[in-house]
Amino acid sequence: MSEPATIPDPPGTTPPQRYTASLATDLERHWRERWESDGTFRVPNPGDPDFDASRPKYYCMDMFPYPSGAGLHVGHPIGYIGSDIISRFYRMKGYNVLHPMGWDAFGLPAEQYAITTGIHPADTTRAAIKTYRQQLDAIGFSFDWSREIATIDPDYYRWTQWIWLQAWNAWFDHEQGHARPVDELISELKAGKRDVEGRPWKDLDTSEQQAYIDDQRLAYLSEQVVNWCPRLGTALANEEVIDGRSERGGHPVIRKPLRQWMFRITAYADRLLTDLDTVDWPESTRTMQAEWIGRSEGADIEFACDLQNTIRVFTTRPDTIFGVTFMVLAPEHPLVKSILADPPTGMDVAPLARYVAEASGRADVERMADQQEKTGVSLGISAINPATGETIPVWVADYVLMGYGHGAIMAVPGHDERDAAFAKRYELKIRPVVKSTSLDDDTDCFTGDGIAMNSSGSTLSIDGQVSAEACNSVIDWIEQQGLGERRVRYRLRDWLFSRQRYWGEPFPIVHDAEGRTWPISDDHLPVTLPPLEDFAPVESEDPQPLLAKATDWLHTTAGEAGVDPSLLPPDTPVTRESNTMPGWAGSCWYHLRYCSPNCSDRFVDAEAERYWLHDGVDLYIGGAEHAVLHLLYARFWHKMLYDLGYVSAPEPFKKLFHQGLLTSWAYQRSDGSLVPVDEVEEQSSDRFIEIATGDSVKRIIAKMSKSLRNVINPDEVIETWGADTLRLYEMYMGPLEASKPWNPRDIVGVFRFLQRLWRLVVDEQTGELQLAEQPDETIERALHRTVRRVETDIERIAFNTAIASLIEFTNEATSSGRLTADQVERLVRIMAPLAPYIAEELWHRLGHQSSVALANWPDVDESMLVDTTLELPVQIKGKVRSKITVAADADEATIQEMALADARIVELIQDTPIRKVIVVPGRIVNIIT
RNA sequence: GGGCCCGUGGCGGAAUUGGCAGACGCGACGGACUUAAAAUCCGUUUUCCGAUAAGGAAGUGUGGGUUCGAGUCCCACCGGGCCCACCA
């Protein structure tokens, strides 16, 4: 990497006790070891001997890292520094602070690495964790490492599996709006309080009963069209597919029917949406989740068609029913399948078969590329528009998706652009039925709300009604006719939860020869990952999970696997589930495990959970890229556990904060391609040369990445400047939430500040403290103001301005002389959350034995914050012309009098008549002439 | 295509509810110390007119508006970013 702009402290020439990088490094190592051996940051749980129940709690949590082989770069810890400042601050404010850290250690990268190197993912992951831990420790975080967790520890994933089993053992009672144990459903069915689609429970045979129950579970097996990524050799959740490509790696994704484990997250759509109003989250993230859940109101409508069938559709615009001139089914629609299997006499199904086959094999990227091009084939049957009585054709087209609604639509080419494009291409009838109320809307396809027209010819007439009213009329009519009903639908789909990969949690379930599933009993958890040496994906037309390679492990008996003998005789041959859970599983509940990481008889100790999480995590800091992935999944798990009585709050994360991205310089050739940083020479501040070619390149700002070689390692920064400087610089760059560029030139600014602070207190020659006997009045007031500013800035997560206040105070104190011991103590304490090492060192030099991290935050004397007089600007017609000094409590009349008497104002106004004087006490005077 | 966010000196960025735009830091320039350099310290630093003064003018992407007063509120546009995207 490029050299720092200024090289601090050339050896041998500086005073022996100056705050230099080497002095910083020495004292940082010393305090790091001391904090560790003293257990300074260990926080007790309720019930522990040193627990203090009189203190309020503060749970401050980071999104834990995925430990990758590359190690940390300076962008990673930016959020951790923020959460550390907050944690240290609340600790000093007298809170019990839970500030834990752990490792999100299952996942694809380690496994991809294993495919090429043959090194077991466990080995690379353990090594990476060790590196990460060292790097994090150097920065001086106040994590309670006694609570460290890793999702790959069997003691951890045992409970991940256990929670999954709770979901498997639960169903969603839509009448009560929450999940309940499946046993309760079974007993209600047995007691005749419920039936199965009109049939009494006792009329079902055993396999029908089991199939019905399995279908009700929150974790269930389902054959459906999934996102299959051939390159990764696994199915992916919707949330993991971005623009038709895998979120990890950017590989194309196709649609493929597969039998997979699903989570019934859709049952929670409504609550996941409405509870967003109860959390203190960034607006943008709440919007993103709301849009992902995608609530829409409308109706289900049934259309009669040939073959004594009906086609059910969902529409948000029932008011346009008179404009329905054809229908369209998704290629995967069951009716399409049945027609292909048993075509009506005389129909040539070849074009249909061809179209369906083509559509099913296409990658989503291709489908998206030609979105404009609407293609389809006629299904060869017709339906009846119930409103007009008209016979309308039925088509098949891949712009209709099987995954939403019923996989079928009523097409309204007059008021829907997609239907319009399709109708034009295949010359289908278009009938407008909604008039725009605005005159300048003369599009031939009006999609907005308007006034209904052309609705004569049936028992229903809605002409003249505005859209909302017309919708209600149509829905009422449809319900009367028994053709359908009002419906709320969500865009959210059930969560595909199984992966065909190795490096994840195995499912605690087995399959018997009849295809039934049996859970592993709690005392046999965890189901540990079998050893494997070959990690290459199984190449097959019919995708196979990787664990199927572990044949000895795969085929076992019920007793061996740990199925309860009362369910299945121990010698029954069974096959283990060979899919694994996705990388998100472990992160869905780690906020719970931190409360009692060593609890061995429960996933979380109940009392600890009630204490730390009765109102959720107080502050959760992490990247915005998880807005609809981890953050949605974790909310879902938490709600599930809440319904089943295992946790005490409906939401896991009360306040959420996203740290911004750290960018760095990169270099670009004139053709737009990028040049690695180390292949560029800086000739002047605006001229950069690619060394190999001698061509001039442009400096741009880009995300830190290995390929650009513009990644900055925190270890190097700490070596050059010390960890306190790294912390301060990262926080001083700008607001924590903003994305901002790393500029090595700027680091020296905060380093100089620490040096000045040190020099203010310590004699650079002797190392003796230099203190004043008597406090200076002005400085004392400034200190009180600074304490207040720093505490309010830390509370509102504005560390950049907190540091600016500290710099300002230090400069002011330096130019006016010395501080008293008492003043230095207060200054050191308010520095402690931001620059903990230097604060700790000075605190001990002042004679303290215990850590400054455990000291109280200094009190502010409110009377020291108010000045007796203040200076007010006086404007004439909005331009500042003079300033007057008034008593702080002066009333409007007095201020006006003084302003008008001011010599400069008198001179400027002379005999100009004054029309008005605006006086805002404490702020401004504005004279209007 | 839809939704959301952001545009402030050479650079990173300040500016509680509309009330002195540019805090603080970097860089730059000048000075002190030094044989010299580094480090450190002091001063200047939005632009323009003016003399390096006094004083004045312009100024927060562009153009309008509301207001005694707009970086902040409203409308339109330009530029950048993020999210969603055949969701019926």
# chains A, B, ... in the order shown; residues from 1 in each chain; ligands from 1

call {"tool": "interface_residues", "arguments": {"of": "chain A", "to": "chain B", "cutoff": "7 Å", "atoms": "only C-alpha atoms (C1' of nucleotides)", "output": "PyMOL selection string"}}
result
chain A and resi 9+284+288+314-315+371+399+404+409+418+491+733-734+745-746+749+804+873+878+880+918+923-924+926+928

call {"tool": "write_last_selection", "arguments": {"atoms": "N, CA and C atoms", "output": "PDB file, in the first residue's frame"}}
result
ATOM      1  N   ASP A   9       7.248  10.440  13.964  1.00  0.00           N
ATOM      2  CA  ASP A   9       8.261   9.996  14.913  1.00  0.00           C
ATOM      3  C   ASP A   9       9.488   9.317  14.317  1.00  0.00           C
ATOM      4  N   SER A 284     -35.521   3.616   5.506  1.00  0.00           N
ATOM      5  CA  SER A 284     -35.282   2.935   4.234  1.00  0.00           C
ATOM      6  C   SER A 284     -35.360   1.414   4.407  1.00  0.00           C
ATOM      7  N   MET A 288     -37.959  -1.159   2.734  1.00  0.00           N
ATOM      8  CA  MET A 288     -37.499  -2.300   1.945  1.00  0.00           C
ATOM      9  C   MET A 288     -38.191  -3.587   2.386  1.00  0.00           C
ATOM     10  N   PHE A 314     -56.217 -13.969  -8.956  1.00  0.00           N
ATOM     11  CA  PHE A 314     -56.209 -12.883  -7.972  1.00  0.00           C
ATOM     12  C   PHE A 314     -56.058 -11.590  -8.733  1.00  0.00           C
ATOM     13  N   THR A 315     -56.806 -10.564  -8.318  1.00  0.00           N
ATOM     14  CA  THR A 315     -56.653  -9.264  -8.960  1.00  0.00           C
ATOM     15  C   THR A 315     -56.738  -8.165  -7.920  1.00  0.00           C
ATOM     16  N   GLN A 371     -37.957  -8.777 -21.201  1.00  0.00           N
ATOM     17  CA  GLN A 371     -39.202  -8.487 -20.513  1.00  0.00           C
ATOM     18  C   GLN A 371     -40.240  -7.848 -21.425  1.00  0.00           C
ATOM     19  N   TYR A 399     -45.035 -14.552 -18.843  1.00  0.00           N
ATOM     20  CA  TYR A 399     -45.039 -13.323 -18.035  1.00  0.00           C
ATOM     21  C   TYR A 399     -45.956 -13.486 -16.829  1.00  0.00           C
ATOM     22  N   TYR A 404     -46.942 -16.452  -7.761  1.00  0.00           N
ATOM     23  CA  TYR A 404     -47.745 -15.393  -7.148  1.00  0.00           C
ATOM     24  C   TYR A 404     -49.216 -15.610  -7.442  1.00  0.00           C
ATOM     25  N   ILE A 409     -54.055 -15.146 -14.495  1.00  0.00           N
ATOM     26  CA  ILE A 409     -54.578 -13.783 -14.382  1.00  0.00           C
ATOM     27  C   ILE A 409     -55.793 -13.598 -15.278  1.00  0.00           C
ATOM     28  N   ARG A 418     -48.760  -4.831 -19.395  1.00  0.00           N
ATOM     29  CA  ARG A 418     -48.286  -6.150 -19.842  1.00  0.00           C
ATOM     30  C   ARG A 418     -49.349  -6.847 -20.688  1.00  0.00           C
ATOM     31  N   ARG A 491     -46.609 -10.537  -1.382  1.00  0.00           N
ATOM     32  CA  ARG A 491     -45.615 -10.925  -2.373  1.00  0.00           C
ATOM     33  C   ARG A 491     -44.613 -11.927  -1.787  1.00  0.00           C
ATOM     34  N   MET A 733     -14.080  10.563  10.322  1.00  0.00           N
ATOM     35  CA  MET A 733     -14.211  10.768   8.877  1.00  0.00           C
ATOM     36  C   MET A 733     -15.539  11.391   8.473  1.00  0.00           C
ATOM     37  N   GLY A 734     -16.568  11.093   9.222  1.00  0.00           N
ATOM     38  CA  GLY A 734     -17.895  11.592   8.864  1.00  0.00           C
ATOM     39  C   GLY A 734     -18.930  10.814   9.635  1.00  0.00           C
ATOM     40  N   ARG A 745      -4.003  10.464   4.082  1.00  0.00           N
ATOM     41  CA  ARG A 745      -3.465  11.774   4.403  1.00  0.00           C
ATOM     42  C   ARG A 745      -4.133  12.396   5.633  1.00  0.00           C
ATOM     43  N   ASP A 746      -5.396  12.058   5.849  1.00  0.00           N
ATOM     44  CA  ASP A 746      -6.158  12.696   6.929  1.00  0.00           C
ATOM     45  C   ASP A 746      -5.869  12.119   8.318  1.00  0.00           C
ATOM     46  N   GLY A 749      -4.259  13.993  11.405  1.00  0.00           N
ATOM     47  CA  GLY A 749      -5.021  15.000  12.150  1.00  0.00           C
ATOM     48  C   GLY A 749      -5.422  14.515  13.529  1.00  0.00           C
ATOM     49  N   ALA A 804     -14.830  16.298  17.364  1.00  0.00           N
ATOM     50  CA  ALA A 804     -14.548  17.710  17.059  1.00  0.00           C
ATOM     51  C   ALA A 804     -14.624  18.544  18.333  1.00  0.00           C
ATOM     52  N   PRO A 873     -26.624  38.670  16.722  1.00  0.00           N
ATOM     53  CA  PRO A 873     -26.448  39.375  15.452  1.00  0.00           C
ATOM     54  C   PRO A 873     -27.655  40.274  15.188  1.00  0.00           C
ATOM     55  N   GLY A 878     -32.356  41.277   6.688  1.00  0.00           N
ATOM     56  CA  GLY A 878     -31.809  39.933   6.523  1.00  0.00           C
ATOM     57  C   GLY A 878     -30.307  39.863   6.370  1.00  0.00           C
ATOM     58  N   VAL A 880     -26.597  40.612   8.167  1.00  0.00           N
ATOM     59  CA  VAL A 880     -25.989  40.932   9.448  1.00  0.00           C
ATOM     60  C   VAL A 880     -25.163  42.207   9.310  1.00  0.00           C
ATOM     61  N   ILE A 918     -37.995  42.398  14.066  1.00  0.00           N
ATOM     62  CA  ILE A 918     -38.250  41.037  14.546  1.00  0.00           C
ATOM     63  C   ILE A 918     -37.169  40.676  15.549  1.00  0.00           C
ATOM     64  N   ARG A 923     -31.499  34.488  19.751  1.00  0.00           N
ATOM     65  CA  ARG A 923     -31.155  34.099  18.391  1.00  0.00           C
ATOM     66  C   ARG A 923     -30.698  35.274  17.528  1.00  0.00           C
ATOM     67  N   ILE A 924     -31.636  36.211  17.284  1.00  0.00           N
ATOM     68  CA  ILE A 924     -31.364  37.194  16.245  1.00  0.00           C
ATOM     69  C   ILE A 924     -32.283  38.405  16.362  1.00  0.00           C
ATOM     70  N   ASN A 926     -33.845  41.259  13.547  1.00  0.00           N
ATOM     71  CA  ASN A 926     -33.913  41.617  12.130  1.00  0.00           C
ATOM     72  C   ASN A 926     -34.746  42.884  11.990  1.00  0.00           C
ATOM     73  N   ILE A 928     -36.522  45.587   9.602  1.00  0.00           N
ATOM     74  CA  ILE A 928     -37.027  45.738   8.239  1.00  0.00           C
ATOM     75  C   ILE A 928     -37.308  47.206   7.982  1.00  0.00           C
TER      76      ILE A 928
END

call {"tool": "closest_residue", "arguments": {"among": "A:Thr556, A:Asn96, A:Ser473, A:Thr725", "to": "Thr572 of chain A", "atoms": "only C-alpha atoms"}}
result
A:Thr556

call {"tool": "closest_residue", "arguments": {"among": "A:Pro833, A:Gly623, A:Pro582, A:Pro508", "to": "Glu240 of chain A", "atoms": "only C-alpha atoms"}}
result
A:Pro582

call {"tool": "residues_around", "arguments": {"residues": "Gln755 of chain A", "least_positions_apart": "5", "cutoff": "8 Å", "atoms": "only C-alpha atoms (C1' of nucleotides)", "output": "list in words"}}
result
Arg18, Tyr19 and Thr20 of chain A

call {"tool": "write_last_selection", "arguments": {"atoms": "C-alpha atoms", "output": "short mmCIF file (atom, residue, chain, number, x, y, z; two decimals), in the first residue's frame"}}
result
data_model
loop_
_atom_site.label_atom_id
_atom_site.label_comp_id
_atom_site.auth_asym_id
_atom_site.auth_seq_id
_atom_site.Cartn_x
_atom_site.Cartn_y
_atom_site.Cartn_z
CA ARG A 18 6.11 12.13 23.59
CA TYR A 19 2.97 10.29 22.49
CA THR A 20 4.44 8.45 19.52
#

call {"tool": "residues_around", "arguments": {"residues": "A32 of chain B", "least_positions_apart": "4", "cutoff": "12 Å", "atoms": "only C-alpha atoms (C1' of nucleotides)", "output": "PyMOL selection string"}}
result
chain B and resi 40-43

call {"tool": "write_last_selection", "arguments": {"atoms": "N, CA, C and O atoms (P, O5', C5', C4', C3', O3' and C1' of nucleotides)", "output": "PDB file, in the first residue's frame"}}
result
ATOM      1  P     U B  40       3.766  16.888  14.062  1.00  0.00           P
ATOM      2  O5'   U B  40       4.166  17.954  15.181  1.00  0.00           O
ATOM      3  C5'   U B  40       4.228  17.580  16.543  1.00  0.00           C
ATOM      4  C4'   U B  40       4.776  18.712  17.363  1.00  0.00           C
ATOM      5  C3'   U B  40       4.023  20.024  17.234  1.00  0.00           C
ATOM      6  O3'   U B  40       2.863  20.046  18.046  1.00  0.00           O
ATOM      7  C1'   U B  40       6.332  20.440  17.025  1.00  0.00           C
ATOM      8  P     C B  41       1.584  20.842  17.556  1.00  0.00           P
ATOM      9  O5'   C B  41       2.017  22.352  17.828  1.00  0.00           O
ATOM     10  C5'   C B  41       2.294  22.794  19.154  1.00  0.00           C
ATOM     11  C4'   C B  41       2.872  24.179  19.111  1.00  0.00           C
ATOM     12  C3'   C B  41       2.061  25.204  18.353  1.00  0.00           C
ATOM     13  O3'   C B  41       0.997  25.720  19.133  1.00  0.00           O
ATOM     14  C1'   C B  41       4.307  25.369  17.679  1.00  0.00           C
ATOM     15  P     C B  42      -0.340  26.146  18.429  1.00  0.00           P
ATOM     16  O5'   C B  42       0.044  27.558  17.808  1.00  0.00           O
ATOM     17  C5'   C B  42       0.367  28.660  18.647  1.00  0.00           C
ATOM     18  C4'   C B  42       0.764  29.843  17.807  1.00  0.00           C
ATOM     19  C3'   C B  42      -0.223  30.215  16.709  1.00  0.00           C
ATOM     20  O3'   C B  42      -1.317  30.962  17.189  1.00  0.00           O
ATOM     21  C1'   C B  42       1.965  30.195  15.818  1.00  0.00           C
ATOM     22  P     G B  43      -2.724  30.854  16.465  1.00  0.00           P
ATOM     23  O5'   G B  43      -2.481  31.644  15.096  1.00  0.00           O
ATOM     24  C5'   G B  43      -2.313  33.056  15.120  1.00  0.00           C
ATOM     25  C4'   G B  43      -1.948  33.547  13.743  1.00  0.00           C
ATOM     26  C3'   G B  43      -2.965  33.282  12.647  1.00  0.00           C
ATOM     27  O3'   G B  43      -4.033  34.203  12.687  1.00  0.00           O
ATOM     28  C1'   G B  43      -0.793  32.764  11.850  1.00  0.00           C
TER      29        G B  43
END

call {"tool": "select_by_dssp", "arguments": {"residues": "segment 553-661 of chain A", "states": "strand (DSSP E)", "output": "PDB file with N, CA and C atoms, in the first residue's frame"}}
result
ATOM      1  N   HIS A 555     -27.154 -43.861   5.572  1.00  0.00           N
ATOM      2  CA  HIS A 555     -28.053 -44.991   5.794  1.00  0.00           C
ATOM      3  C   HIS A 555     -27.821 -45.539   7.182  1.00  0.00           C
ATOM      4  N   THR A 556     -28.853 -45.515   7.997  1.00  0.00           N
ATOM      5  CA  THR A 556     -28.700 -45.899   9.393  1.00  0.00           C
ATOM      6  C   THR A 556     -30.029 -46.477   9.885  1.00  0.00           C
ATOM      7  N   THR A 557     -30.133 -46.584  11.189  1.00  0.00           N
ATOM      8  CA  THR A 557     -31.400 -47.062  11.749  1.00  0.00           C
ATOM      9  C   THR A 557     -31.988 -45.979  12.638  1.00  0.00           C
ATOM     10  N   PRO A 573     -34.758 -49.374   9.345  1.00  0.00           N
ATOM     11  CA  PRO A 573     -33.776 -48.673   8.503  1.00  0.00           C
ATOM     12  C   PRO A 573     -34.305 -47.289   8.103  1.00  0.00           C
ATOM     13  N   VAL A 574     -33.469 -46.296   8.238  1.00  0.00           N
ATOM     14  CA  VAL A 574     -33.866 -44.933   7.835  1.00  0.00           C
ATOM     15  C   VAL A 574     -32.732 -44.277   7.057  1.00  0.00           C
ATOM     16  N   THR A 575     -33.087 -43.264   6.311  1.00  0.00           N
ATOM     17  CA  THR A 575     -32.104 -42.442   5.599  1.00  0.00           C
ATOM     18  C   THR A 575     -32.105 -41.055   6.226  1.00  0.00           C
ATOM     19  N   ARG A 576     -30.912 -40.581   6.497  1.00  0.00           N
ATOM     20  CA  ARG A 576     -30.858 -39.245   7.079  1.00  0.00           C
ATOM     21  C   ARG A 576     -31.191 -38.194   6.029  1.00  0.00           C
ATOM     22  N   LEU A 619     -29.508  -1.846  20.788  1.00  0.00           N
ATOM     23  CA  LEU A 619     -28.915  -1.274  19.583  1.00  0.00           C
ATOM     24  C   LEU A 619     -28.233  -2.385  18.797  1.00  0.00           C
ATOM     25  N   TYR A 620     -28.573  -2.466  17.525  1.00  0.00           N
ATOM     26  CA  TYR A 620     -28.016  -3.494  16.654  1.00  0.00           C
ATOM     27  C   TYR A 620     -27.371  -2.766  15.484  1.00  0.00           C
ATOM     28  N   ILE A 621     -26.051  -2.912  15.327  1.00  0.00           N
ATOM     29  CA  ILE A 621     -25.345  -2.201  14.265  1.00  0.00           C
ATOM     30  C   ILE A 621     -24.851  -3.192  13.225  1.00  0.00           C
ATOM     31  N   LEU A 656     -32.105  -0.301  15.241  1.00  0.00           N
ATOM     32  CA  LEU A 656     -31.173  -0.805  14.240  1.00  0.00           C
ATOM     33  C   LEU A 656     -30.431   0.369  13.619  1.00  0.00           C
ATOM     34  N   PHE A 657     -29.157   0.169  13.360  1.00  0.00           N
ATOM     35  CA  PHE A 657     -28.364   1.234  12.754  1.00  0.00           C
ATOM     36  C   PHE A 657     -27.450   0.618  11.698  1.00  0.00           C
TER      37      PHE A 657
END

call {"tool": "atom_distance", "arguments": {"atom1": "atom CA of Leu27 of chain A", "atom2": "atom CA of Arg727 of chain A"}}
result
15.5 Å

call {"tool": "atom_distance", "arguments": {"atom1": "atom C1' of U46 of chain B", "atom2": "atom CA of Val874 of chain A"}}
result
22.7 Å
